[in-house]
Structures are given as structure tokens and as C-alpha cells.
$ cat run_22.txt   # compact mmCIF, C-alpha atoms
# COMPACT_ATOMS: atom_id res chain seq x y z
CA MET A 1200 97.11 83.57 80.99
CA ALA A 1201 100.67 83.16 79.73
CA PRO A 1202 103.65 84.24 81.84
CA ASP A 1203 104.29 87.27 79.61
CA ASP A 1204 100.80 88.51 80.45
CA VAL A 1205 101.81 88.84 84.10
CA SER A 1206 103.34 92.27 84.17
CA CYS A 1207 104.59 94.55 86.90
CA PRO A 1208 104.74 98.20 85.81
CA GLN A 1209 108.09 99.83 86.32
CA THR A 1210 108.35 102.59 88.88
CA PRO A 1211 108.93 105.81 86.92
CA ARG A 1212 112.23 107.50 87.57
CA ARG A 1213 112.11 110.73 89.49
CA GLU A 1214 113.07 113.65 87.28
CA ILE A 1215 116.14 115.37 88.67
CA PRO A 1216 117.31 118.41 86.71
CA ALA A 1217 121.06 118.84 86.40
CA LEU A 1218 122.65 121.57 88.49
CA ALA A 1219 123.38 124.75 86.58
CA GLY A 1220 126.81 124.57 85.01
CA HIS A 1221 127.13 120.82 85.63
CA THR A 1222 126.86 117.79 83.36
CA ARG A 1223 124.53 115.15 84.73
CA ARG A 1224 126.10 111.71 85.31
CA ASP A 1225 123.95 108.75 86.36
CA VAL A 1226 125.65 105.85 88.14
CA VAL A 1227 124.55 102.72 90.00
CA VAL A 1228 125.92 101.65 93.38
CA VAL A 1229 125.93 97.98 94.40
CA ALA A 1230 127.18 96.09 97.44
CA ASP A 1231 130.85 95.12 97.42
CA ARG A 1232 129.62 91.52 97.07
CA PHE A 1233 128.87 92.38 93.42
CA ALA A 1234 132.24 93.98 92.69
CA ARG A 1235 132.67 92.02 89.44
CA PHE A 1236 129.62 93.81 88.06
CA ALA A 1237 131.06 97.20 89.07
CA ARG A 1238 133.33 97.69 86.10
CA GLY A 1239 133.78 100.84 84.04
CA ASP A 1240 132.51 104.19 85.27
CA ARG A 1241 128.74 103.59 85.40
CA VAL A 1242 128.56 101.05 88.24
CA LEU A 1243 130.39 101.55 91.54
CA THR A 1244 130.68 99.45 94.67
CA LEU A 1245 129.51 100.95 97.93
CA SER A 1246 133.05 101.20 99.32
CA GLY A 1247 134.30 102.66 96.04
CA LEU A 1248 131.61 105.33 95.97
CA LEU A 1249 132.09 106.24 99.62
CA GLY A 1250 135.82 106.55 98.98
CA LEU A 1251 135.25 108.92 96.07
CA LEU A 1252 132.81 110.97 98.13
CA ASP A 1253 135.27 111.17 101.00
CA SER A 1254 138.11 112.27 98.70
CA GLY A 1255 136.06 115.06 97.13
CA ALA A 1256 136.81 113.74 93.64
CA LEU A 1257 133.18 113.66 92.55
CA ARG A 1258 132.47 117.18 93.76
CA ALA A 1259 135.50 118.53 91.90
CA SER A 1260 134.62 116.77 88.63
CA GLY A 1261 132.21 119.41 87.37
CA CYS A 1262 129.44 116.78 87.09
CA HIS A 1263 126.11 116.45 88.82
CA TRP A 1264 126.17 112.82 90.01
CA VAL A 1265 122.82 111.01 90.41
CA VAL A 1266 123.22 107.70 92.26
CA HIS A 1267 120.80 104.82 91.64
CA LEU A 1268 120.66 101.97 94.16
CA GLY A 1269 121.37 98.44 92.93
CA GLN A 1270 121.26 95.16 94.82
CA GLY A 1271 122.81 94.65 98.24
CA ILE A 1272 122.29 98.21 99.47
CA ASP A 1273 120.34 98.27 102.72
CA CYS A 1274 119.04 100.97 105.03
CA THR A 1275 122.35 101.35 106.88
CA ASP A 1276 124.23 101.77 103.59
CA GLY A 1277 121.66 104.29 102.45
CA ASP A 1278 122.11 106.37 105.59
CA LEU A 1279 125.88 106.45 104.98
CA LEU A 1280 125.35 107.50 101.38
CA GLU A 1281 122.84 110.20 102.30
CA ALA A 1282 125.18 111.67 104.90
CA ALA A 1283 128.08 111.68 102.42
CA CYS A 1284 125.93 113.21 99.67
CA ASP A 1285 124.75 115.98 102.00
CA LYS A 1286 128.34 117.19 102.24
CA THR A 1287 128.60 117.73 98.47
CA GLU A 1288 126.16 120.67 98.37
CA GLY A 1289 123.96 118.92 95.83
CA THR A 1290 126.62 117.82 93.35
CA VAL A 1291 125.95 114.18 94.35
CA CYS A 1292 122.44 112.99 95.18
CA LEU A 1293 120.43 109.78 95.39
CA ALA A 1294 117.98 109.22 92.54
CA ASP A 1295 115.41 107.78 94.97
CA PRO A 1296 116.26 108.39 98.64
CA GLN A 1297 113.36 106.18 99.74
CA ALA A 1298 114.30 103.14 97.63
CA PHE A 1299 116.47 101.53 100.30
CA ARG A 1300 113.98 102.31 103.07
CA GLN A 1301 111.42 99.80 101.81
CA ALA A 1302 112.18 96.96 104.18
CA PRO A 1303 112.27 93.35 102.94
CA GLU A 1304 109.33 91.20 103.91
CA ARG A 1305 109.32 89.54 107.32
CA PRO A 1306 111.08 86.15 107.18
CA ALA A 1307 107.88 84.32 108.22
CA ILE A 1308 106.10 85.56 105.07
CA VAL A 1309 108.50 83.54 102.87
CA HIS A 1310 109.16 80.73 105.37
CA LYS A 1311 112.75 81.73 106.18
CA ASP A 1312 114.43 82.20 109.56
CA ARG A 1313 117.06 84.84 108.81
CA PRO A 1314 116.14 88.27 107.40
CA GLU A 1315 119.18 88.40 105.07
CA ASN A 1316 117.79 85.37 103.23
CA VAL A 1317 114.54 87.12 102.29
CA LEU A 1318 114.55 88.02 98.58
CA LEU A 1319 111.35 90.05 98.36
CA ALA A 1320 110.18 93.53 99.33
CA GLY A 1321 106.85 95.27 98.77
CA VAL A 1322 104.77 92.14 98.19
CA HIS A 1323 101.46 93.20 96.66
CA SER A 1324 98.47 91.27 95.31
CA PRO A 1325 96.07 93.46 93.30
CA VAL A 1326 93.89 90.31 93.22
CA PRO A 1327 94.53 87.10 95.19
CA GLU A 1328 95.61 85.24 92.02
CA HIS A 1329 98.28 87.78 91.03
CA CYS A 1330 101.21 88.67 93.28
CA ARG A 1331 104.25 90.84 92.59
CA ALA A 1332 107.21 92.12 94.57
CA GLU A 1333 110.56 93.82 94.20
CA LEU A 1334 113.61 91.57 94.16
CA ARG A 1335 115.85 92.45 97.11
CA ILE A 1336 119.18 90.63 97.42
CA HIS A 1337 121.02 91.17 100.69
CA ARG A 1338 124.81 91.17 100.42
CA ASP A 1339 124.95 88.32 102.98
CA ASN A 1340 122.20 86.18 101.47
CA GLU A 1341 123.06 82.50 101.90
CA LEU A 1342 122.93 81.92 98.13
CA VAL A 1343 125.52 84.57 97.22
CA LEU A 1344 128.04 84.05 100.02
CA ASP A 1345 129.98 81.21 98.43
CA HIS A 1346 129.48 81.19 94.69
CA HIS A 1347 131.92 81.72 91.83
CA THR A 1348 130.22 83.54 89.01
CA GLY A 1349 130.70 86.32 86.50
CA GLU A 1350 128.91 89.61 86.67
CA HIS A 1351 125.39 88.15 86.75
CA VAL A 1352 123.35 86.92 89.70
CA GLN A 1353 123.32 83.12 89.73
CA GLY A 1354 120.27 81.15 88.68
CA ILE A 1355 119.72 79.59 92.13
CA VAL A 1356 118.73 83.07 93.39
CA ILE A 1357 116.07 83.26 90.68
CA ILE A 1358 114.70 79.86 91.65
CA GLU A 1359 114.57 80.80 95.33
CA ALA A 1360 112.89 84.12 94.51
CA MET A 1361 110.21 82.22 92.58
CA ARG A 1362 109.72 79.86 95.53
CA GLN A 1363 109.42 82.82 97.88
CA ILE A 1364 106.87 84.70 95.75
CA CYS A 1365 104.60 81.63 95.74
CA ILE A 1366 104.82 81.33 99.52
CA ALA A 1367 104.36 85.08 100.01
CA GLN A 1368 101.30 84.98 97.78
CA PHE A 1369 99.85 82.16 99.84
CA GLU A 1370 100.61 83.80 103.20
CA THR A 1371 99.36 87.29 102.28
CA ALA A 1372 96.55 86.71 99.77
CA VAL A 1373 95.23 83.17 100.40
CA ARG A 1374 96.12 82.28 103.97
CA PRO A 1375 93.99 84.98 105.75
CA GLY A 1376 90.77 83.17 104.74
CA LEU A 1377 91.86 79.78 106.05
CA ALA A 1378 91.85 78.06 109.43
CA PRO A 1379 94.51 79.37 111.87
CA VAL A 1380 97.07 76.59 111.40
CA SER A 1381 100.61 76.68 110.03
CA TYR A 1382 101.35 75.42 106.53
CA ALA A 1383 104.49 74.18 104.80
CA GLY A 1384 105.16 74.33 101.08
CA VAL A 1385 105.85 71.15 99.11
CA TRP A 1386 106.88 71.47 95.47
CA GLN A 1387 105.79 68.76 93.02
CA ARG A 1388 107.02 70.23 89.73
CA ILE A 1389 108.96 73.19 88.35
CA ASP A 1390 109.20 73.76 84.59
CA LEU A 1391 111.87 76.47 84.45
CA SER A 1392 113.21 78.47 81.54
CA PHE A 1393 116.12 80.93 81.75
CA GLU A 1394 115.86 83.55 79.03
CA ASP A 1395 118.48 86.12 79.96
CA PHE A 1396 121.02 87.06 82.62
CA LEU A 1397 119.94 88.67 85.88
CA PHE A 1398 122.23 91.48 87.06
CA PRO A 1399 122.43 93.12 90.52
CA LEU A 1400 120.05 95.90 89.49
CA PRO A 1401 116.38 96.43 90.46
CA ALA A 1402 114.07 93.64 89.27
CA THR A 1403 110.59 92.30 89.93
CA VAL A 1404 109.25 88.86 90.83
CA GLU A 1405 105.68 87.85 89.94
CA SER A 1406 103.30 84.95 90.34
CA LEU A 1407 99.95 84.17 88.76
CA ILE A 1408 97.85 81.30 90.16
CA LEU A 1409 96.24 79.49 87.21
CA GLU A 1410 94.50 76.72 89.15
CA SER A 1411 93.85 75.99 92.81
CA ASP A 1412 92.18 73.23 94.77
CA LEU A 1413 91.19 74.34 98.28
CA GLY A 1414 88.79 71.44 98.88
CA ARG A 1415 90.94 69.84 101.61
CA ASP A 1416 92.14 72.39 104.12
CA THR A 1417 95.07 70.17 105.13
CA ASN A 1418 96.41 69.89 101.55
CA LEU A 1419 95.87 72.93 99.32
CA LYS A 1420 97.04 72.55 95.73
CA PHE A 1421 98.16 75.25 93.29
CA ARG A 1422 99.44 75.62 89.75
CA ALA A 1423 101.08 78.94 88.99
CA THR A 1424 103.31 80.73 86.52
CA THR A 1425 106.12 82.89 87.86
CA ALA A 1426 108.48 85.36 86.21
CA VAL A 1427 111.50 87.48 87.06
CA ARG A 1428 111.84 90.68 85.03
CA GLN A 1429 114.43 93.42 84.84
CA GLN A 1430 114.03 96.67 82.93
CA GLY A 1431 111.41 95.22 80.61
CA ARG A 1432 113.38 92.01 79.97
CA THR A 1433 112.00 88.63 81.01
CA VAL A 1434 114.91 86.94 82.76
CA ALA A 1435 113.20 83.66 83.63
CA THR A 1436 109.78 82.05 83.74
CA ALA A 1437 108.52 78.90 85.43
CA GLY A 1438 105.40 76.83 85.68
CA ILE A 1439 105.15 75.53 89.24
CA GLU A 1440 102.88 72.95 90.85
CA TYR A 1441 102.95 72.92 94.63
CA SER A 1442 100.92 72.17 97.73
CA MET A 1443 100.58 73.99 101.02
CA ILE A 1444 100.16 71.25 103.60
CA ALA A 1445 99.09 71.70 107.20
CA GLN A 1446 102.19 71.50 109.40
CA GLY A 1447 100.82 68.74 111.63
CA ARG A 1448 100.07 66.54 108.64
CA ILE A 1449 103.43 67.06 106.98
CA ASP A 1450 105.27 66.42 110.28
CA THR A 1451 103.55 63.02 110.52
CA LEU A 1452 104.22 62.26 106.84
CA GLU A 1453 107.89 63.23 107.07
CA ARG A 1454 108.43 61.20 110.22
CA ARG A 1455 106.95 58.09 108.63
CA LYS A 1456 109.00 58.48 105.44
CA ALA A 1457 112.16 59.28 107.43
CA ASP A 1458 111.71 56.03 109.37
CA GLN A 1459 111.20 54.14 106.09
CA ALA A 1460 114.35 55.67 104.60
CA THR A 1461 116.38 54.76 107.68
CA ARG A 1462 115.15 51.15 107.65
CA ALA A 1463 115.86 50.89 103.90
CA TYR A 1464 119.42 52.12 104.46
CA LEU A 1465 120.26 50.13 107.58
CA GLY A 1466 118.26 47.07 106.69
$ encode --input "run_22.txt" --output "C-alpha cells"
Amino acid sequence: MAPDDVSCPQTPRREIPALAGHTRRDVVVVADRFARFARGDRVLTLSGLLGLLDSGALRASGCHWVVHLGQGIDCTDGDLLEAACDKTEGTVCLADPQAFRQAPERPAIVHKDRPENVLLAGVHSPVPEHCRAELRIHRDNELVLDHHTGEHVQGIVIIEAMRQICIAQFETAVRPGLAPVSYAGVWQRIDLSFEDFLFPLPATVESLILESDLGRDTNLKFRATTAVRQQGRTVATAGIEYSMIAQGRIDTLERRKADQATRAYLG
């Protein structure tokens, strides 16, 4: 199956009728981290939107404002927005009040230590070979903290999201049927193609396992295709070959190779 055959249906937008006598205006709110994307009047930063709500400017505009959540908005931000919207008597509302309440996956599922570095939420495998999730970029993710870019999300985030979907697929769809030992991911090859920009808006990450070799339970091998998609656009695809190796085995292998590297350097 080709990467384009791996598809994640978009969540349909909730129909929200405009208030009587008001003109509906749809806007997106993103974390202040993505301020360069928040240009014009259709994308606002969190602090910018909260400031407008506090000033009463939106309520006095004669518009019915429907706010869609972009990247970097977490549960705490959503609570602030909900409380501010409640004071507008319906002239400002969230398009999907539950969107920010879907928590990111636990760090262990994607082999990370810090929750802000998890890039996936709602991991789901309709069959073990096919896994999909929502892209979820925290405003303090390690990959966006110190990066000069334009309005798009940098490619290293896409690569990490692809790495995480492969690990999440293993841990949630493959791992339950294996012996109770820890595994570490080792990547042998990534054939990556960027096809479009990724912006700090909702997106999906998907993985399809094309081949697997589970004959040795200490070294499980996979070949998969992955894709990141946004509003029907394929942003990037990759063919990935990787192994999930039992932690005890990889610890021994790494120690031996680390000793070899040290001797080669020091003589």
C-alpha cells in the first residue's frame, strides 16, 4: 500500500449557527510561540485573543466569533478561553470545547521523559498494521524552543512525529502480545520527502507497517510508511526501516561499541 492510501478521516466540524443579528467570524488561536503565523485577522495568539476578550472589543464588534484551536493550546489555556468566552453571552464561543481536553499520550508510549515533548494525542490502530494520531505540539516542546523559522512548523518536528508514531504503534498495537521486557527503537533507514509546509493548525500523523519480522523476540524488525497530513494536504511522507531491540541486548551492544569508540579515539 502506498503512503497516500493511508488516510485518516478528518473530524467533521461542529455546525454552529450564527447568533441572530450577528455576522459569523471564524478565527484560529495558537500559542504565543507561533506568533509569526498569527498575522492578519484570521489567526490570533492566545495572549492577543485573551486581551481582546478582556477589552470587550469582540463583543462590541457585532460579529459572532467562533474560535478554533490551533497548536500549542493546552487544557489550561482552554479553561482560560472558556471562562472568557462565557462572559460574552455567546458572542464568542469555542468551535470544539473538547478539542483541547484530549490529553497527549503518556511519555512512555513514545519513549520520551517529558510530557511537553510528546507530539501525539489520540493514538488509534484500527488494525495493528495501521496507526494514526492527532499531531499535538506543546508550546514548550524541545524542538520549537530555540528555532528561527518563518510561519511554518520546522521539518525536525515532522521527523520526530514520524518517529513517535512508529514507537506508539509498537507500544500500543504490537507490544501487548510480546514478552514483558522493555524495548528500544533503532532506526536503520529513513527515506523522507517533504511535499508542503506544515503550519500550527490541526494535523494527523499516520503509520502503515508494510513488513515485519518478529522471529527473534530480542530484535523485531519493521518496514513502514508514515505520513503527516493537514486539511487534506500531504505534508510529508517517509519510508522507515527500524528495529525494536530488547533493552538488555541494546545496553550490552551500546556498551561494547562505546568502549570501541573510546579506544579508537584515545588509542
$ atom_distance --input "run_22.txt" --atom1 "CA of Ser1406 (chain A)" --atom2 "CA of Ala1426 (chain A)"
6.6 Å
$ closest_atom_pairs --input "run_22.txt" --of "region 1305-1378 of chain A" --to "region 1266-1280 of chain A" --cutoff "12 Å" --atoms "all atoms listed in the file" --output "CSV"
residue,atom,partner,partner_atom,distance
A:Pro1314,CA,A:Asp1273,CA,11.8
A:Glu1315,CA,A:Gly1271,CA,9.9
A:Asn1316,CA,A:Gly1271,CA,11.7
A:Val1317,CA,A:Gly1271,CA,11.9
A:Leu1318,CA,A:Gln1270,CA,10.5
A:Leu1319,CA,A:Gln1270,CA,11.7
A:Ala1320,CA,A:Asp1273,CA,11.7
A:Glu1333,CA,A:Gln1270,CA,10.8
A:Leu1334,CA,A:Gln1270,CA,8.5
A:Arg1335,CA,A:Gln1270,CA,6.5
A:Ile1336,CA,A:Gly1271,CA,5.5
A:His1337,CA,A:Gly1271,CA,4.6
A:Arg1338,CA,A:Gly1271,CA,4.6
A:Asp1339,CA,A:Gly1271,CA,8.2
A:Asn1340,CA,A:Gly1271,CA,9.1
A:Val1343,CA,A:Gly1271,CA,10.5
A:Leu1344,CA,A:Gly1271,CA,12.0
A:His1351,CA,A:Gln1270,CA,11.5
A:Val1352,CA,A:Gln1270,CA,9.9
$ residues_around --input "run_22.txt" --residues "Glu1405 (chain A)" --least-positions-apart "4" --cutoff "6 Å" --atoms "only C-alpha atoms" --output "count of residues only"
4
$ atom_distance --input "run_22.txt" --atom1 "CA of Thr1403 (chain A)" --atom2 "CA of Arg1428 (chain A)"
5.3 Å
$ closest_residue --input "run_22.txt" --among "A:Arg1258, A:Arg1300, A:His1329, A:Arg1422" --to "Leu1407 (chain A)" --atoms "only C-alpha atoms"
A:His1329
$ closest_atom_pairs --input "run_22.txt" --of "region 1374-1429 of chain A" --to "region 1449-1456 of chain A" --cutoff "10 Å" --atoms "only C-alpha atoms" --output "JSON lines"
{"residue": "A:Tyr1382", "atom": "CA", "partner": "A:Ile1449", "partner_atom": "CA", "distance": 8.6}
{"residue": "A:Ala1383", "atom": "CA", "partner": "A:Ile1449", "partner_atom": "CA", "distance": 7.5}
{"residue": "A:Gly1384", "atom": "CA", "partner": "A:Ile1449", "partner_atom": "CA", "distance": 9.5}
{"residue": "A:Val1385", "atom": "CA", "partner": "A:Ile1449", "partner_atom": "CA", "distance": 9.2}
{"residue": "A:Thr1417", "atom": "CA", "partner": "A:Ile1449", "partner_atom": "CA", "distance": 9.1}
{"residue": "A:Asn1418", "atom": "CA", "partner": "A:Ile1449", "partner_atom": "CA", "distance": 9.3}
$ write_last_selection --input "run_22.txt" --atoms "C-alpha atoms" --output "mmCIF file, in the coordinates of the input"
data_model
loop_
_atom_site.group_PDB
_atom_site.id
_atom_site.type_symbol
_atom_site.label_atom_id
_atom_site.label_comp_id
_atom_site.auth_asym_id
_atom_site.auth_seq_id
_atom_site.Cartn_x
_atom_site.Cartn_y
_atom_site.Cartn_z
ATOM 1 C CA TYR A 1382 101.350 75.420 106.530
ATOM 2 C CA ALA A 1383 104.490 74.180 104.800
ATOM 3 C CA GLY A 1384 105.160 74.330 101.080
ATOM 4 C CA VAL A 1385 105.850 71.150 99.110
ATOM 5 C CA THR A 1417 95.070 70.170 105.130
ATOM 6 C CA ASN A 1418 96.410 69.890 101.550
#
$ atom_distance --input "run_22.txt" --atom1 "CA of Ile1308 (chain A)" --atom2 "CA of Arg1448 (chain A)"
20.3 Å
$ closest_residue --input "run_22.txt" --among "A:Met1443, A:Cys1284, A:Ala1378, A:Leu1342" --to "Arg1232 (chain A)" --atoms "only C-alpha atoms"
A:Leu1342
$ residues_near_point --input "run_22.txt" --point "(123.2, 115.4, 94.9)" --cutoff "12 Å" --atoms "all atoms listed in the file" --output "MDAnalysis selection string"
chainID A and resid 1215:1218 1221 1223:1226 1252 1257:1258 1262:1267 1280:1296
$ closest_residue --input "run_22.txt" --among "A:Gly1220, A:Pro1325, A:Leu1397, A:Ser1254" --to "Ile1357 (chain A)" --atoms "all atoms listed in the file"
A:Leu1397
$ closest_residue --input "run_22.txt" --among "A:Val1229, A:Leu1413, A:Val1326, A:Met1361" --to "Thr1436 (chain A)" --atoms "only C-alpha atoms"
A:Met1361
$ residues_near_point --input "run_22.txt" --point "(101.9, 72.7, 85.7)" --cutoff "10 Å" --atoms "all atoms listed in the file" --output "list in words"
Gln1387, Arg1388, Ile1389, Asp1390, Leu1409, Glu1410, Phe1421, Arg1422, Ala1423, Thr1424, Ala1437, Gly1438, Ile1439, Glu1440 and Tyr1441 of chain A
$ closest_residue --input "run_22.txt" --among "A:Phe1369, A:Ser1260, A:Val1309, A:Pro1401" --to "Glu1328 (chain A)" --atoms "all atoms listed in the file"
A:Phe1369
$ closest_residue --input "run_22.txt" --among "A:Ala1360, A:Val1228, A:Leu1391, A:Ala1307" --to "Leu1249 (chain A)" --atoms "only C-alpha atoms"
A:Val1228
$ decode --input "run_22.txt" --residues "region 1212-1248 of chain A" --atoms "C-alpha atoms" --output "mmCIF file, in the first residue's frame"
data_model
loop_
_atom_site.group_PDB
_atom_site.id
_atom_site.type_symbol
_atom_site.label_atom_id
_atom_site.label_comp_id
_atom_site.auth_asym_id
_atom_site.auth_seq_id
_atom_site.Cartn_x
_atom_site.Cartn_y
_atom_site.Cartn_z
ATOM 1 C CA ARG A 1212 -16.665 20.497 12.114
ATOM 2 C CA ARG A 1213 -19.481 21.068 14.538
ATOM 3 C CA GLU A 1214 -22.200 23.195 12.982
ATOM 4 C CA ILE A 1215 -22.627 26.396 14.949
ATOM 5 C CA PRO A 1216 -25.358 28.719 13.671
ATOM 6 C CA ALA A 1217 -24.587 32.423 13.828
ATOM 7 C CA LEU A 1218 -26.359 34.430 16.506
ATOM 8 C CA ALA A 1219 -29.353 36.370 15.261
ATOM 9 C CA GLY A 1220 -28.282 39.781 14.034
ATOM 10 C CA HIS A 1221 -24.585 38.847 14.036
ATOM 11 C CA THR A 1222 -22.133 38.013 11.252
ATOM 12 C CA ARG A 1223 -20.225 34.818 11.908
ATOM 13 C CA ARG A 1224 -16.420 35.161 12.035
ATOM 14 C CA ASP A 1225 -14.205 32.083 12.333
ATOM 15 C CA VAL A 1226 -10.700 32.527 13.751
ATOM 16 C CA VAL A 1227 -7.884 30.268 14.924
ATOM 17 C CA VAL A 1228 -5.993 30.722 18.184
ATOM 18 C CA VAL A 1229 -2.418 29.455 18.550
ATOM 19 C CA ALA A 1230 0.160 29.601 21.327
ATOM 20 C CA ASP A 1231 2.255 32.762 21.518
ATOM 21 C CA ARG A 1232 5.182 30.561 20.430
ATOM 22 C CA PHE A 1233 3.657 30.666 16.922
ATOM 23 C CA ALA A 1234 3.153 34.441 16.826
ATOM 24 C CA ARG A 1235 4.699 34.741 13.351
ATOM 25 C CA PHE A 1236 1.853 32.622 11.998
ATOM 26 C CA ALA A 1237 -0.724 34.849 13.714
ATOM 27 C CA ARG A 1238 -0.845 37.589 11.121
ATOM 28 C CA GLY A 1239 -3.921 39.275 9.698
ATOM 29 C CA ASP A 1240 -7.305 38.910 11.346
ATOM 30 C CA ARG A 1241 -7.944 35.168 10.986
ATOM 31 C CA VAL A 1242 -5.251 33.794 13.317
ATOM 32 C CA LEU A 1243 -4.697 35.171 16.822
ATOM 33 C CA THR A 1244 -2.223 34.336 19.553
ATOM 34 C CA LEU A 1245 -3.576 33.196 22.891
ATOM 35 C CA SER A 1246 -2.480 36.391 24.657
ATOM 36 C CA GLY A 1247 -3.874 38.501 21.819
ATOM 37 C CA LEU A 1248 -7.256 36.797 21.937
#
